[in-house]
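Peer 1: One structure, as structure tokens, below. Some questions next.
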There are 2 protein chains.
Amino acid sequence: MHADWTTHFPGLRKLEPAIAGPLVENSKLVKLAAGTRIFGPGQSPEAYLLLLDGTVRVQQVSETGREIVLYRVSAGESCALTTACLMGYEEYQAEGIAETDVQAVAIPRKTFDNLIAQSAEFRRFVFTAFSMRVTNLFKIIDEVAFSRVDIRLAQKLLELADNEDRVSLTHQQLASELGTAREVISRQLHEFQRRNWISTTRGEITLLSRQDLQKLAGAP
Amino acid sequence: MHADWTTHFPGLRKLEPAIAGPLVENSKLVKLAAGTRIFGPGQSPEAYLLLLDGTVRVQQVSETGREIVLYRVSAGESCALTTACLMGYEEYQAEGIAETDVQAVAIPRKTFDNLIAQSAEFRRFVFTAFSMRVTNLFKIIDEVAFSRVDIRLAQKLLELADNEDRVSLTHQQLASELGTAREVISRQLHEFQRRNWISTTRGEITLLSRQDLQKLAGAP
DNA sequence: CTGGGCTATGTGACTAGGTCACATACACAA
DNA sequence: TTGTGTATGTGACCTAGTCACATAGCCCAG
């Protein structure tokens, strides 16, 4: 495992062997239990993380305790933005939480810098990850500032439903996904239920009509 | 001018001469008139831009026509995020407008990539710019999602006031700064005026009590 | 198998913010 | 001086967020 984790990352498979070697040698495998806070205000990330397994949720917490999920880092991806802030000097405002048990490769700052210098392939990998995250942040700003909650909720339900059309989250957790309040979610879900688009039980929502939800989620 | 623009950028002054040379040679000076749309959806940026003079406003426009300013790029700074998206493959969602006449240096993608590879100094410059922008985006998300309009408006007025305590913007422009509606701004300004914190005339606001505004803008 | 106790959800009342429609007011040019 | 375009004012209404508290489901200790 230690020897060949680079193959877990499509963007790194073509890495020149002369470069992959030192990379694997200088980086180190870390395991984190679910729920671990990986970084946050006052707890700067210390290395470039590449996830082998699990997911990390990056979110913002407001003064009043409300939360909004910014993005998730999944297996095969990197904490790109985190690293930007690591390489630069600014304090990172958001916090990262291991949603599941996580296995990751930690690349020290110095090694990261060398890699960037030496490998065009690695640069592409890093900048591509960057651009995806930033684009996504723009989308979130757009939605939070300009989009209706019912539409965003319908989108989120469709996005989070498993292959049996179920979403196993509490209203509070859904509210955190969207950066709104629990009561707002409860009321919207109630309305969806009244229209027979979903059914709910404690901690779980079942989609009854993806079609209607999609209609709401898409063009008005 | 062409020969020594690198000195305009504190982060580039220490650039190794062997590197600064080709950089200056391969990049090109561009001038843009105020109001020019530099990039936007369907109009990808084509080069890494370093501003010599003027400012560029980067903003998001919603379907319904509402706008929100994401950040400004001023002289001596780079369109860092733009470039991330340029280097990666994603479509950039935001648009950049020249607020004033702008002079800038355009560094082609290839040259940029070479520079990143060859100069630790340049890497630091780019990543630092990145991290500042990203941190700022997080702050905007936080404010849009969780902060009150009156507080944000007070902050914005203080931020945008000149050294004679005047803000020369229309209510509509202020609304765009904050990503809210013009009527909301009009009403808030009215309330500030009622409290004698500001006075207003068409297209201009004068701060009468920075202190009170600061009190509102700071801790509640 | 049952009663606390914890967490999740429901709900009314109220405040803040956004939308729509339209009324005024101001500035500048013809 | 009078249009004309832009800026601002305002009421009515709707959506979203807050607060306070009521219920309801779940699980575990006894």
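Here's how to read the names in the structure tokens: chain A, B, ... by the order shown, residue numbers from 1 in each chain, ligand numbers from 1 in the order shown.
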Fewer than 3 positions away in the same chain doesn't count, so skip those; otherwise give me all residues within 10 Å of region 17-27 of chain C, counting only C-alpha atoms (C1' of nucleotides), as a list in words.
Peer 2: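 Counting only the stated atoms, we get Phe146 of chain A; Arg148, Val149, Thr180, Ala181, Arg182, Glu183, Val184, Thr201 and Arg202 of chain B; DG5, DT6, DA7, DT8, DG9, DT10, DG11, DA12, DC13, DC14, DT15, DA16 and DG17 of chain D.
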Peer 1: Set the distance at 7 Å and use only C-alpha atoms (C1' of nucleotides): which residues neighbour region 208-214 of chain A once local chain neighbours fewer than 3 positions away are removed? I'd like the list as a compact mmCIF listing (two decimals) with N, CA and C atoms, in the first residue's frame.
Peer 2:
# COMPACT_ATOMS: atom_id res chain seq x y z
N ALA A 154 -34.82 21.03 -2.61
CA ALA A 154 -35.14 19.98 -3.58
C ALA A 154 -33.85 19.48 -4.24
N ASN A 196 -47.11 15.15 -1.39
CA ASN A 196 -46.77 13.75 -1.69
C ASN A 196 -45.50 13.58 -2.51
N TRP A 197 -44.55 14.50 -2.34
CA TRP A 197 -43.28 14.35 -3.03
C TRP A 197 -42.32 13.52 -2.20
N ILE A 198 -42.51 13.53 -0.89
CA ILE A 198 -41.62 12.79 0.00
C ILE A 198 -42.45 12.21 1.15
N SER A 199 -41.85 11.27 1.86
CA SER A 199 -42.41 10.87 3.16
C SER A 199 -41.26 10.92 4.15
N ALA A 217 -36.50 21.83 -8.73
CA ALA A 217 -35.07 22.11 -8.64
C ALA A 217 -34.53 22.77 -9.91
N GLY A 218 -35.12 22.40 -11.03
CA GLY A 218 -34.61 22.92 -12.29
C GLY A 218 -35.14 24.31 -12.59
Peer 1: Using only C-alpha atoms (C1' of nucleotides) for the distances, tell me which of A:Ala175, A:Ala94, A:Leu207, A:Val58 is nearest to chain D.
Peer 2: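 Answer, going by the shortest atom-to-atom distance: A:Ala175.
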Peer 1: Do a neighbour search on Ala104 (chain B) at 12 Å with only C-alpha atoms (C1' of nucleotides), toss out local chain neighbours closer than 5 positions, and write the hits as number ranges by chain.
Peer 2: B: 1-2, 5-6, 8-9, 27-33, 38, 47-56, 73-79, 98
Peer 1: Expressed in Å to a single decimal, how great is the separation between CA of Glu159 (chain B) and C1' of DT18 (chain D)?
Peer 2: 28.9 Å
